[in-house]
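Peer 1: I have a structure here, written as structure tokens, and I will follow up with some questions on it.
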Amino acid sequence: MESPLKILKRHRIRPVKRLGQSFLVDNNITFRIVDAPKIDNIGSPSPFSVLSKTIPDILNISENDQEKVWYSFESLELNQLNLPSKEWDRLFWYGIYHEDSLENILALSMGYICKLWNEEDRFNEILDAILDLMGHVLGRDIVIQINDIGDEKNIFDNNQLEALNGLIISPTFMPQRIIDNLYDHGISKWQDITEFSERQVIKRFGFSVKTLNLINCLWELYYFAKEICSRILSSDKDIEKDSFESLVRSWILCRKEKERYARILMQRMGWQGNQSETLESVAERNGITRERVRQIEKKLTVKLNSPKSGEVLYPLWIAIDSFLQSSNGLAYISELTEFLQHYYKWVKKPPISGLNNLIEFCPEEIIQKKSKTGMIYSKDFSCSDCHDIKAYLLRITKAAEEMSIDNVMESLNVFCKTECSKDYPPKFMFKKPFIDLLLMDPTLKKKLLKKEDVLYHIDTWKLRHGRISDIAETVLKQSERAMHFTEVFSEMKKIRPGLVSTNERNVHATLDRLPRVLLWDRGTFIHKKNAVFPYGLIRKVEKWVNVKLEQNIPFISIHGAFREFQNLCLHEGIPSEYALYSCLRVSGEQLFAFPHFPFIYLNRGVIERIPMPLIIEEFIKEAGGPVSMNEIRKFAIEGINVKQFMLNQYHCCPNVGF
């Protein structure tokens, strides 16, 4: 009987526990080798895989040459690899020491070597060092022949992947690391790997750590594919797929429900016909009450929402998820109807309302969100919550004023690929549904508008397509200064020559009514955004006005306030009484009311406009006797602060004798 040492050497396994092998059984002798860190995979490679081969195996050298190498390496230490001290510290945790025999490395599989040295440069250095030592032993150059590495047998059985033909390899059903590895090699669909053998992979991508990791990834993917196809095939036997209607009906009936109940629910949900029907319509068609329809609907929807029922439609959910992945996680329901018609070869497209209702039964792990906006979202779709992309979209649209949707999508694509840490699939490109989704954000909704295939900043949209009030306000806002209404009208005609029915008077009346436009001088207006507002000065003026109004007068003219603070007003950029009146009106002080220029009232609820002659008449009555012109002038000019020329206008008043 052979000694244990000879058995181990014959099997190219070293008799120590640090090597990382599992166990060996030979002639009823079992050697269990433990304590080496495990590098586990979900799916282990096939025995014919290059990952299961040793370095001598992939070189395809004769058995005699292998024996020479083995016995020569037995007398050498791993020190021959000239690794730095830090590398030995790392390998220590894998049970590999520098004084170990070099022959041990010949027993390691390529998959294990790839895991130990997963950096491309280090892997190549180790491989080159071993090949040089082997060449020295054999007296000739040893080179890896890429065309001879790996088995020619396909990794995947074409029959196995037939159920997935044309679909995307989705991160919904497998780890993201597998998806990322496939994307790195330009692989996104199941059909891309149907004809893959290990030899084809190595010829196509070269012999490297990256390629060996891809092969390992494909073996892991094999087991996921097997599981997915098994679930599809087990579900397909219960489902008819001749039409959308037959698919839904067979799904309901597989729950052993009555045909009549199934028909009622299908009418209600829009799965039979083109529209979801009302309770009243369904009740009338089936000769039952609305309440009975509601009871049947509630009973069946509870049953159909169970995990077991959802599993029956697994093939449909797989197809929908694939479509969403190909659409970057977001799509219109209308686009999905076209995809399903093409995928299942249906004569008619599914009704949008019916498909939308059916998607409500899809498990949350496949479709994360459902929306009444006519769009659906995949489980991993998160870009709609990205504040960076929203800020960027607003910034570029404001700078350009208007952009075609195609240019917007291209800009977002470049921005995200350069600024975002996400790994995007090959040929990634934002599509129109994503723009529409972003525009539902309350902030963007106020600042960006889409018309046909053009995205506008709100100011540009108002100029191009807005009403007269929109154009006038935007012209004033973009000027960043005060403008006379005739000047505003002139600019409006340049921008929109088709405004035939608009004249200067219309523009003046429009500007006078706009809440964000301030009267800044006679016939001159300024946008609130561009107006100065010296809070300190305004508070002083308000205090002065309040003192005046407490002197038993009904109101005060802005003329007196401007006269009192004229120098300060001019210094602060308030050029006129009109401007000061506008600043006081928008200051937010609740103590005053501003019913009409130029008068300021105390805010005492409903403000009635009192004609000046009545004010003077009341003043004379309260005097109880004759009142001189000087007293009236003092009351009107110094009290109410009206201008002299305004007082002169009241000389002809029949009720006042002055």
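Naming works like this for the structure tokens: A, B, ... for the chains as they're shown, residue 1 at the start of each chain, ligands 1 onward in shown order.
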Near Phe415 (chain A), within 9 Å and counting only C-alpha atoms, which residues show up once chain neighbours fewer than 5 positions away are dropped, as an MDAnalysis selection string?
Peer 2: chainID A and resid 389 392 410 420
Peer 1: Export, as a compact mmCIF listing (two decimals), in the first residue's frame, the selected residues with N, CA and C atoms.
Peer 2:
# COMPACT_ATOMS: atom_id res chain seq x y z
N ILE A 389 -29.09 65.82 -10.15
CA ILE A 389 -29.53 65.83 -11.55
C ILE A 389 -30.63 66.87 -11.75
N TYR A 392 -28.86 70.19 -11.93
CA TYR A 392 -28.14 70.29 -13.21
C TYR A 392 -29.11 70.57 -14.35
N GLU A 410 -29.09 63.86 -23.81
CA GLU A 410 -27.66 63.67 -24.03
C GLU A 410 -26.83 64.35 -22.94
N CYS A 420 -21.80 60.77 -11.43
CA CYS A 420 -22.48 59.82 -10.55
C CYS A 420 -21.61 58.58 -10.34
Peer 1: Check region 238-320 of chain A with DSSP on the backbone and list each residue it calls alpha helix (DSSP H), as a VMD selection string.
Peer 2: chain A and resid 244 to 253 259 to 269 279 to 286 290 to 304 307 to 312 314 to 320
Peer 1: Taking 2 positions as the minimum chain separation for residues in the same chain, which residues sit within 10 Å of Val408 (chain A) when counting only C-alpha atoms? Answer as a list in words.
Peer 2: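 Here the answer would be Leu393, Ile396, Thr397, Glu402, Met403, Ser404, Ile405, Asp406, Glu410, Ser411, Leu412, Asn413, Phe430, Lys431, Lys432, Ile435, Val454 and Leu455 of chain A.
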Peer 1: Can you work out which one of A:Pro315, A:Pro363, A:Pro171, A:Pro433 has the shortest atom-to-atom distance to Ser327 (chain A), counting only C-alpha atoms?
Peer 2: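 Of A:Pro315, A:Pro363, A:Pro171, A:Pro433, the one nearest Ser327 (chain A), counting only C-alpha atoms, is A:Pro433.
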Peer 1: As an exercise, work out the distance from CA of Pro598 (chain A) to CA of Ile556 (chain A) in Å and give it to one decimal place.
Peer 2: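 So the answer is 8.2 Å.
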Peer 1: Quote the spacing between CA of Lys417 (chain A) and CA of Asp388 (chain A) in Å to one decimal place.
Peer 2: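 We find that CA of Lys417 (chain A) and CA of Asp388 (chain A) lie 12.7 Å from each other.
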Peer 1: If you count only C-alpha atoms, which residues fall within 7 Å of Ser378 (chain A), apart from same-chain ones fewer than 5 positions away, as a list of chain:residue names?
Peer 2: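 Everything that qualifies: A:Asp321, A:Leu324, A:Gly329, A:Leu330, A:Ile366, A:Ile367, A:Gln368.
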Peer 1: Excluding Asn546 (chain A) and its own-chain neighbours fewer than 2 positions away, which residues fall within 12 Å of it when counting only C-alpha atoms? Please give them as a PyMOL selection string.
Peer 2: chain A and resi 539-544+548-556+561+589-593+600-603
Peer 1: Within 8 Å of region 108-124 of chain A, counting only C-alpha atoms, which residues qualify if same-chain residues fewer than 3 places away don't, as number ranges by chain?
Peer 2: A: 39, 50-55, 91, 104-105, 127-128, 208-210, 212-213, 216
Peer 1: Would you put the residues from that selection into a file with C-alpha atoms, as a PDB file, in the first residue's frame?
Peer 2:
ATOM      1  CA  ILE A  39     -13.469  31.726  -1.188  1.00  0.00           C
ATOM      2  CA  VAL A  50     -10.266  26.409 -16.848  1.00  0.00           C
ATOM      3  CA  LEU A  51     -10.929  27.627 -13.305  1.00  0.00           C
ATOM      4  CA  SER A  52     -10.636  24.023 -12.100  1.00  0.00           C
ATOM      5  CA  LYS A  53      -7.374  23.410 -13.961  1.00  0.00           C
ATOM      6  CA  THR A  54      -3.857  23.822 -12.584  1.00  0.00           C
ATOM      7  CA  ILE A  55      -1.052  25.699 -14.305  1.00  0.00           C
ATOM      8  CA  LEU A  91      -0.752  35.421   2.046  1.00  0.00           C
ATOM      9  CA  ASN A 104       2.362  23.670  -3.720  1.00  0.00           C
ATOM     10  CA  ILE A 105       1.458  26.330  -6.237  1.00  0.00           C
ATOM     11  CA  LEU A 127       2.367  33.598 -13.741  1.00  0.00           C
ATOM     12  CA  ASP A 128       5.476  34.864 -15.564  1.00  0.00           C
ATOM     13  CA  SER A 208      -6.303  37.682 -17.704  1.00  0.00           C
ATOM     14  CA  VAL A 209      -7.681  38.045 -14.209  1.00  0.00           C
ATOM     15  CA  LYS A 210     -10.596  40.023 -15.639  1.00  0.00           C
ATOM     16  CA  LEU A 212     -11.151  34.509 -15.442  1.00  0.00           C
ATOM     17  CA  ASN A 213     -13.459  36.552 -13.211  1.00  0.00           C
ATOM     18  CA  ASN A 216     -16.439  32.539 -12.853  1.00  0.00           C
TER      19      ASN A 216
END
